[in-house]
$ cat target-v3.cif   # mmCIF, C-alpha atoms and all ligand atoms
data_entry
loop_
_atom_site.label_atom_id
_atom_site.label_comp_id
_atom_site.auth_asym_id
_atom_site.auth_seq_id
_atom_site.Cartn_x
_atom_site.Cartn_y
_atom_site.Cartn_z
CA MET A 1 -65.66 75.06 -20.08
CA ALA A 2 -65.85 78.85 -19.83
CA ALA A 3 -68.93 78.53 -17.61
CA HIS A 4 -67.12 75.98 -15.46
CA ASP A 5 -64.14 78.32 -15.06
CA ALA A 6 -66.40 81.27 -14.24
CA LEU A 7 -68.18 79.20 -11.59
CA LYS A 8 -64.85 78.06 -10.15
CA ARG A 9 -63.59 81.65 -10.03
CA PHE A 10 -66.85 82.76 -8.38
CA LEU A 11 -66.76 80.05 -5.72
CA THR A 12 -63.12 80.61 -4.85
CA SER A 13 -63.53 84.39 -4.47
CA VAL A 14 -64.45 85.87 -1.09
CA ILE A 15 -67.46 87.73 -2.50
CA GLY A 16 -68.67 84.62 -4.35
CA ARG A 17 -68.54 82.58 -1.15
CA LYS A 18 -70.29 85.35 0.78
CA MET A 19 -73.05 85.44 -1.82
CA LEU A 20 -73.44 81.67 -1.67
CA MET A 21 -73.59 81.87 2.13
CA ALA A 22 -76.23 84.61 1.84
CA VAL A 23 -78.49 82.86 -0.69
CA THR A 24 -78.37 79.51 1.11
CA GLY A 25 -78.87 81.18 4.51
CA LEU A 26 -81.90 83.16 3.32
CA LEU A 27 -83.44 80.02 1.78
CA LEU A 28 -82.84 78.15 5.05
CA ILE A 29 -84.67 80.97 6.86
CA GLY A 30 -87.57 80.28 4.48
CA PHE A 31 -87.52 76.64 5.60
CA LEU A 32 -87.49 77.71 9.26
CA ILE A 33 -90.52 79.98 8.78
CA ALA A 34 -92.43 77.11 7.12
CA HIS A 35 -91.30 74.56 9.73
CA MET A 36 -92.15 76.82 12.66
CA SER A 37 -95.58 77.72 11.22
CA GLY A 38 -96.39 74.05 10.55
CA ASN A 39 -95.25 73.07 14.04
CA LEU A 40 -97.63 75.57 15.61
CA LEU A 41 -100.46 73.30 14.40
CA ILE A 42 -99.66 71.31 17.51
CA PHE A 43 -101.66 73.96 19.36
CA VAL A 44 -104.66 73.42 17.09
CA SER A 45 -105.20 69.68 17.63
CA PRO A 46 -103.24 66.41 17.51
CA GLU A 47 -105.04 65.53 14.25
CA ALA A 48 -104.17 68.85 12.61
CA PHE A 49 -100.49 68.35 13.45
CA ASN A 50 -100.39 64.68 12.45
CA ASP A 51 -102.31 65.22 9.21
CA TYR A 52 -100.01 68.09 8.23
CA SER A 53 -96.88 65.96 8.86
CA HIS A 54 -98.48 63.03 7.06
CA ALA A 55 -99.24 65.17 4.00
CA LEU A 56 -95.58 66.22 3.92
CA ILE A 57 -93.97 62.80 4.44
CA SER A 58 -96.29 60.94 2.08
CA ASN A 59 -95.65 63.34 -0.81
CA PRO A 60 -93.04 61.78 -3.16
CA LEU A 61 -91.61 65.28 -3.75
CA ILE A 62 -90.40 65.21 -0.14
CA TYR A 63 -87.22 63.40 -1.26
CA ILE A 64 -86.36 66.22 -3.64
CA ALA A 65 -87.14 68.79 -0.92
CA GLU A 66 -84.99 66.91 1.61
CA PHE A 67 -82.11 66.65 -0.84
CA GLY A 68 -82.42 70.38 -1.56
CA LEU A 69 -82.45 71.16 2.15
CA LEU A 70 -79.35 69.06 2.76
CA ALA A 71 -77.56 70.71 -0.17
CA LEU A 72 -78.45 74.18 1.19
CA PHE A 73 -77.22 73.21 4.62
CA VAL A 74 -73.89 71.81 3.37
CA ALA A 75 -73.28 74.78 1.03
CA HIS A 76 -74.11 77.25 3.82
CA LEU A 77 -71.82 75.48 6.24
CA ALA A 78 -68.91 75.17 3.80
CA SER A 79 -69.12 78.80 2.65
CA GLY A 80 -69.45 79.96 6.28
CA ILE A 81 -66.32 78.08 7.32
CA LEU A 82 -64.34 79.33 4.30
CA VAL A 83 -65.40 82.97 4.83
CA THR A 84 -64.52 82.78 8.55
CA ARG A 85 -61.14 81.23 7.72
CA ASN A 86 -60.50 83.94 5.17
CA ASN A 87 -61.37 86.67 7.69
CA LYS A 88 -58.93 85.11 10.15
CA LEU A 89 -56.17 84.91 7.51
CA ALA A 90 -56.76 88.55 6.61
CA ARG A 91 -56.26 89.50 10.28
CA PRO A 92 -53.96 86.85 11.78
CA VAL A 93 -53.61 88.85 14.99
CA ALA A 94 -57.03 89.31 16.55
CA TYR A 95 -58.19 92.68 17.83
CA GLN A 96 -56.94 93.07 21.39
CA ALA A 97 -60.25 94.12 22.81
CA ASP A 98 -63.55 92.82 21.55
CA GLU A 99 -65.22 96.16 21.88
CA TYR A 100 -68.41 97.06 20.15
CA ALA A 101 -67.81 100.23 18.22
CA GLY A 102 -71.38 101.54 18.34
CA ALA A 103 -73.15 103.03 15.32
CA PRO A 104 -72.43 103.11 12.41
CA SER A 105 -70.57 99.81 13.05
CA ARG A 106 -72.87 96.78 12.79
CA LYS A 107 -70.64 94.68 15.03
CA SER A 108 -72.62 92.99 17.80
CA ILE A 109 -72.47 89.90 19.97
CA ALA A 110 -74.61 88.14 17.35
CA SER A 111 -72.35 89.15 14.44
CA SER A 112 -69.08 88.12 16.08
CA THR A 113 -70.35 84.73 17.25
CA MET A 114 -71.88 83.54 13.95
CA ILE A 115 -69.46 80.62 13.60
CA TYR A 116 -70.20 79.42 17.18
CA SER A 117 -73.98 79.76 16.90
CA GLY A 118 -73.62 78.00 13.54
CA ILE A 119 -71.72 75.12 15.16
CA LEU A 120 -74.52 74.73 17.68
CA VAL A 121 -77.05 74.45 14.84
CA LEU A 122 -74.80 71.82 13.27
CA LEU A 123 -74.97 69.86 16.51
CA PHE A 124 -78.66 70.49 17.01
CA VAL A 125 -79.97 69.36 13.60
CA PRO A 126 -78.70 65.72 13.62
CA LEU A 127 -79.81 65.27 17.24
CA HIS A 128 -83.19 66.77 16.35
CA LEU A 129 -83.65 64.43 13.37
CA TRP A 130 -82.62 61.48 15.52
CA SER A 131 -85.31 62.36 18.09
CA PHE A 132 -88.16 63.16 15.72
CA LYS A 133 -87.71 62.07 12.13
CA PHE A 134 -85.99 58.81 13.13
CA GLY A 135 -87.57 58.63 16.60
CA ALA A 136 -90.21 56.21 17.92
CA TYR A 137 -92.90 55.38 15.37
CA TYR A 138 -96.36 55.50 16.90
CA GLU A 139 -99.41 54.95 14.80
CA SER A 140 -102.31 57.34 15.32
CA ALA A 141 -105.26 55.60 17.02
CA ALA A 142 -107.70 58.06 15.43
CA ASP A 143 -106.18 57.75 11.96
CA PRO A 144 -104.64 54.33 11.20
CA GLY A 145 -101.73 54.59 8.77
CA VAL A 146 -100.87 58.09 10.00
CA ARG A 147 -97.78 58.57 12.17
CA ASP A 148 -98.61 59.98 15.61
CA LEU A 149 -95.87 62.61 15.71
CA HIS A 150 -97.95 64.63 18.14
CA ARG A 151 -97.51 61.91 20.78
CA LEU A 152 -93.75 61.84 20.17
CA VAL A 153 -93.44 65.63 20.59
CA ILE A 154 -95.49 65.55 23.82
CA GLU A 155 -93.37 62.68 25.16
CA LYS A 156 -90.05 64.36 24.37
CA PHE A 157 -91.02 67.70 25.88
CA ALA A 158 -92.21 66.10 29.11
CA HIS A 159 -88.55 66.08 30.22
CA ALA A 160 -87.18 69.28 31.77
CA GLY A 161 -83.62 68.66 30.50
CA TYR A 162 -84.86 68.20 26.96
CA VAL A 163 -86.96 71.37 27.15
CA ALA A 164 -83.96 73.33 28.51
CA TRP A 165 -81.75 72.10 25.64
CA TYR A 166 -84.37 73.13 23.07
CA VAL A 167 -84.88 76.56 24.64
CA LEU A 168 -81.12 77.14 24.69
CA ALA A 169 -80.74 75.96 21.08
CA MET A 170 -83.64 78.17 19.92
CA ILE A 171 -82.13 81.25 21.61
CA VAL A 172 -78.77 80.59 19.94
CA ILE A 173 -80.49 80.04 16.56
CA GLY A 174 -82.33 83.31 17.16
CA PHE A 175 -78.96 85.07 17.61
CA HIS A 176 -77.70 83.54 14.37
CA LEU A 177 -80.75 84.80 12.47
CA TRP A 178 -80.64 88.20 14.21
CA HIS A 179 -77.46 89.00 12.31
CA GLY A 180 -77.85 86.62 9.37
CA PHE A 181 -80.93 88.05 7.67
CA GLY A 182 -79.74 91.66 7.28
CA SER A 183 -76.14 90.80 6.49
CA GLY A 184 -77.31 88.21 3.95
CA PHE A 185 -79.12 90.92 2.00
CA GLU A 186 -76.09 93.19 2.25
CA SER A 187 -73.84 90.46 0.84
CA LEU A 188 -76.23 90.27 -2.10
CA GLY A 189 -75.72 93.94 -2.76
CA VAL A 190 -78.83 95.38 -1.11
CA LYS A 191 -77.80 98.74 0.29
CA TYR A 192 -77.65 98.88 4.09
CA ARG A 193 -80.98 100.01 5.46
CA LYS A 194 -81.85 100.15 9.10
CA GLY A 195 -85.44 99.07 8.33
CA LEU A 196 -84.32 95.86 6.62
CA ARG A 197 -81.98 95.03 9.49
CA ARG A 198 -84.75 95.72 12.03
CA PHE A 199 -87.12 93.53 10.03
CA GLY A 200 -84.56 90.70 10.12
CA GLN A 201 -84.17 91.11 13.86
CA ALA A 202 -87.93 91.03 14.39
CA LEU A 203 -88.14 87.93 12.18
CA ALA A 204 -85.43 86.26 14.30
CA VAL A 205 -87.47 86.95 17.44
CA VAL A 206 -90.67 85.60 15.83
CA ILE A 207 -88.96 82.42 14.55
CA ALA A 208 -87.02 81.69 17.76
CA GLY A 209 -90.04 82.72 19.90
CA GLY A 210 -92.47 80.53 17.92
CA PHE A 211 -90.18 77.49 18.22
CA THR A 212 -89.48 78.14 21.92
CA MET A 213 -93.19 78.30 22.76
CA ILE A 214 -93.62 74.64 21.76
CA PRO A 215 -91.39 72.89 24.35
CA LEU A 216 -92.32 75.43 27.04
CA LEU A 217 -96.09 75.17 26.60
CA VAL A 218 -96.00 71.39 26.19
CA TYR A 219 -93.96 71.08 29.39
CA PHE A 220 -95.89 73.54 31.54
CA MET A 221 -99.37 72.89 30.23
CA GLY A 222 -99.11 69.13 29.82
CA GLU A 223 -100.85 66.89 27.34
CA GLN A 224 -103.08 69.60 25.81
CA PRO A 225 -100.85 72.54 24.92
C1 LIG A 301 -89.65 73.23 19.02
C2 LIG A 301 -89.01 73.18 17.90
C3 LIG A 301 -89.18 72.11 16.86
C4 LIG A 301 -90.08 71.06 16.78
C5 LIG A 301 -91.21 70.69 17.73
C6 LIG A 301 -89.76 70.33 15.56
C7 LIG A 301 -90.43 69.20 15.13
C8 LIG A 301 -90.05 68.41 14.08
C9 LIG A 301 -90.65 67.15 13.71
C10 LIG A 301 -91.83 66.52 14.43
C11 LIG A 301 -90.01 66.69 12.61
C12 LIG A 301 -90.24 65.36 11.87
C13 LIG A 301 -91.11 65.59 10.67
C14 LIG A 301 -91.36 64.33 9.92
O1 LIG A 301 -90.57 63.38 9.95
O2 LIG A 301 -92.35 64.35 9.26
C15 LIG A 301 -88.97 67.65 12.28
C16 LIG A 301 -88.12 67.54 11.20
C17 LIG A 301 -87.12 68.44 10.93
N1 LIG A 301 -86.77 69.55 11.65
FE1 LIG A 301 -87.74 70.25 13.28
N2 LIG A 301 -88.71 70.95 14.93
C18 LIG A 301 -88.31 72.02 15.70
C19 LIG A 301 -87.27 72.90 15.43
C20 LIG A 301 -86.40 72.79 14.39
C21 LIG A 301 -85.31 73.70 14.10
C22 LIG A 301 -84.97 74.93 14.94
C23 LIG A 301 -84.68 73.25 12.98
C24 LIG A 301 -83.49 73.79 12.25
C25 LIG A 301 -82.55 74.53 12.77
C26 LIG A 301 -85.37 72.05 12.55
C27 LIG A 301 -85.04 71.31 11.45
C28 LIG A 301 -85.70 70.17 11.04
C29 LIG A 301 -85.34 69.42 9.84
C30 LIG A 301 -84.21 69.76 8.88
C31 LIG A 301 -86.23 68.35 9.77
C32 LIG A 301 -86.27 67.24 8.69
C33 LIG A 301 -87.21 67.64 7.59
C34 LIG A 301 -87.35 66.50 6.61
O3 LIG A 301 -86.43 65.73 6.43
O4 LIG A 301 -88.41 66.39 6.01
N3 LIG A 301 -86.41 71.81 13.42
N4 LIG A 301 -89.00 68.68 13.19
#

$ encode --input "target-v3.cif" --output "C-alpha cells" --more "lines below"
Ligand code: HEM
Amino acid sequence: MAAHDALKRFLTSVIGRKMLMAVTGLLLIGFLIAHMSGNLLIFVSPEAFNDYSHALISNPLIYIAEFGLLALFVAHLASGILVTRNNKLARPVAYQADEYAGAPSRKSIASSTMIYSGILVLLFVPLHLWSFKFGAYYESAADPGVRDLHRLVIEKFAHAGYVAWYVLAMIVIGFHLWHGFGSGFESLGVKYRKGLRRFGQALAVVIAGGFTMIPLLVYFMGEQP
C-alpha cells in the first residue's frame, strides 16, 4: 500500500511526470536508433532488408517488444500532455513576445514547439504502421515464406507526395529529438552540460538524416537505392 501511495505521489508530481517523460523519451530514442540502423539495410540488398525484418517479426519475443513500445509511447504522450498542461496552468497568461533569450537560456524553436512536433509524431506513427506493418503483403520471390517488405518500401516511396510527407515528418521528428535528448537527461538530474546537449543535437541530425535518406534515395535513384 505504501509503495502504491509513493508511486501515486510520484506520478502526480510535476517532477515525477517529467522524469517519466524523460525515461520513456530516451528509451524511444533507443528504438529510433535501432529502427533507423535496421532500415539502412535497404541500401545493402533487398535480401538483407527482408531477412532482417523477417528475423524480427518471426521472433515470438516481438509481441513483448511491441507491447513495451506501445506502453512507452502512451506513457510518454500522457506525461508530455500533463507537463504541458501544468506549465500552462502555472503561467495562464502567455509571454507577450516569443523571444529567444539567448544564452544561458535553453529556449529555442525546438523547445517551445515540443507539444506540436509530438502531435505530428502521434499522427505519423499510426499512418506509418498502416502503410508498412499492415500494408500490402508481398511474398519474396527469392525467399518463399519471407515477406517482401523491400518491395513495399520501394513502391511507397515512388510517389512524390509520399516522399514529401516523410521528409517533412522526419524533419519535425528531428526537431523533437534536438531538444528532447538533452532536456531528458536534465530532467533525470544530470547537470546541464553543453557537450551532452550538443551530442543530443548531433544524434537528432543523424537519426532524422538517416531516415530522410531512405525516401529521398529510393525516389531519386529508383529501384536500386
Ligand atoms: C524512412 C523512414 C522509415 C521507414 C522506411 C520505416 C520502415 C518500417 C517498416 C518496413 C516497418 C514494418 C516492419 C515489420 O512489420 O516488420 C516499420 C515498422 C515500424 N516503424 Fe518505421 N520506418 C521509418 C520511420 C519510422 C519512424 C520515424 C518511426 C517513429 C517515429 C517509426 C516507427 C515504427 C514503428 C513503431 C513500427 C512498428 C514496429 C513493430 O510493431 O514491430 N518508423 N517501419

$ closest_residue --input "target-v3.cif" --among "A:Leu149, A:Tyr166, A:Lys107, A:Gly161" --to "Leu127 (chain A)" --atoms "only C-alpha atoms"
A:Tyr166

$ closest_atom_pairs --input "target-v3.cif" --of "chain A" --to "ligand LIG 301 (chain A)" --cutoff "8 Å" --atoms "only C-alpha atoms and all ligand atoms" --output "tab-separated table"
residue	atom	partner	partner_atom	distance
A:Leu32	CA	A:LIG301	C24	6.3
A:His35	CA	A:LIG301	FE1	6.6
A:Met36	CA	A:LIG301	C19	6.8
A:Asn39	CA	A:LIG301	C5	6.0
A:Ser53	CA	A:LIG301	O2	4.8
A:His54	CA	A:LIG301	O2	6.6
A:Leu56	CA	A:LIG301	O2	6.5
A:Ile57	CA	A:LIG301	O2	5.3
A:Ile62	CA	A:LIG301	O4	6.6
A:Tyr63	CA	A:LIG301	O4	8.0
A:Ala65	CA	A:LIG301	O4	7.4
A:Glu66	CA	A:LIG301	O3	5.2
A:Leu69	CA	A:LIG301	C30	7.1
A:Leu70	CA	A:LIG301	C30	7.8
A:Val121	CA	A:LIG301	C25	5.9
A:Phe124	CA	A:LIG301	C25	7.0
A:Val125	CA	A:LIG301	C24	5.8
A:His128	CA	A:LIG301	FE1	6.5
A:Leu129	CA	A:LIG301	C17	5.8
A:Phe132	CA	A:LIG301	C12	4.9
A:Lys133	CA	A:LIG301	O1	3.8
A:Phe134	CA	A:LIG301	O1	7.2
A:Leu149	CA	A:LIG301	C10	5.8
A:His150	CA	A:LIG301	C10	7.4
A:Leu152	CA	A:LIG301	C10	7.7
A:Val153	CA	A:LIG301	C5	6.2
A:Tyr166	CA	A:LIG301	C1	6.7
A:Ala169	CA	A:LIG301	C22	7.5
A:Met170	CA	A:LIG301	C22	6.1
A:Ile173	CA	A:LIG301	C22	7.0
A:Ala208	CA	A:LIG301	C22	7.6
A:Gly210	CA	A:LIG301	C1	7.9
A:Phe211	CA	A:LIG301	C1	4.4
A:Thr212	CA	A:LIG301	C1	5.7
A:Met213	CA	A:LIG301	C1	7.2
A:Ile214	CA	A:LIG301	C1	5.0
A:Pro215	CA	A:LIG301	C1	5.6

$ residues_around --input "target-v3.cif" --residues "region 15-27 of chain A" --least-positions-apart "2" --cutoff "7 Å" --atoms "all atoms listed in the file" --output "JSON, numbers by chain"
{"A": [10, 11, 12, 13, 29, 30, 31, 72, 75, 76, 79, 80, 83, 181, 184, 185, 187, 188]}

$ residues_around --input "target-v3.cif" --residues "Ser140 (chain A)" --least-positions-apart "2" --cutoff "12 Å" --atoms "only C-alpha atoms" --output "list in words"
Pro46, Glu47, Ala48, Phe49, Asn50, Asp51, His54, Tyr137, Tyr138, Ala142, Asp143, Pro144, Gly145, Val146, Arg147, Asp148, Leu149, His150, Arg151 and Leu152 of chain A

$ atom_distance --input "target-v3.cif" --atom1 "CA of Ala110 (chain A)" --atom2 "CA of Phe175 (chain A)"
5.3 Å

$ atom_distance --input "target-v3.cif" --atom1 "CA of Val44 (chain A)" --atom2 "CA of His159 (chain A)"
22.0 Å

$ residues_around --input "target-v3.cif" --residues "Thr84 (chain A)" --least-positions-apart "2" --cutoff "12 Å" --atoms "all atoms listed in the file" --output "JSON, numbers by chain"
{"A": [14, 17, 18, 21, 77, 78, 79, 80, 81, 82, 86, 87, 88, 89, 90, 91, 92, 111, 112, 113, 114, 115, 116, 118]}

$ write_last_selection --input "target-v3.cif" --atoms "C-alpha atoms" --output "CSV table (one decimal), in the frame of the given file"
chain,number,residue,atom,x,y,z
A,14,VAL,CA,-64.4,85.9,-1.1
A,17,ARG,CA,-68.5,82.6,-1.2
A,18,LYS,CA,-70.3,85.4,0.8
A,21,MET,CA,-73.6,81.9,2.1
A,77,LEU,CA,-71.8,75.5,6.2
A,78,ALA,CA,-68.9,75.2,3.8
A,79,SER,CA,-69.1,78.8,2.6
A,80,GLY,CA,-69.4,80.0,6.3
A,81,ILE,CA,-66.3,78.1,7.3
A,82,LEU,CA,-64.3,79.3,4.3
A,86,ASN,CA,-60.5,83.9,5.2
A,87,ASN,CA,-61.4,86.7,7.7
A,88,LYS,CA,-58.9,85.1,10.2
A,89,LEU,CA,-56.2,84.9,7.5
A,90,ALA,CA,-56.8,88.6,6.6
A,91,ARG,CA,-56.3,89.5,10.3
A,92,PRO,CA,-54.0,86.8,11.8
A,111,SER,CA,-72.4,89.2,14.4
A,112,SER,CA,-69.1,88.1,16.1
A,113,THR,CA,-70.4,84.7,17.2
A,114,MET,CA,-71.9,83.5,14.0
A,115,ILE,CA,-69.5,80.6,13.6
A,116,TYR,CA,-70.2,79.4,17.2
A,118,GLY,CA,-73.6,78.0,13.5
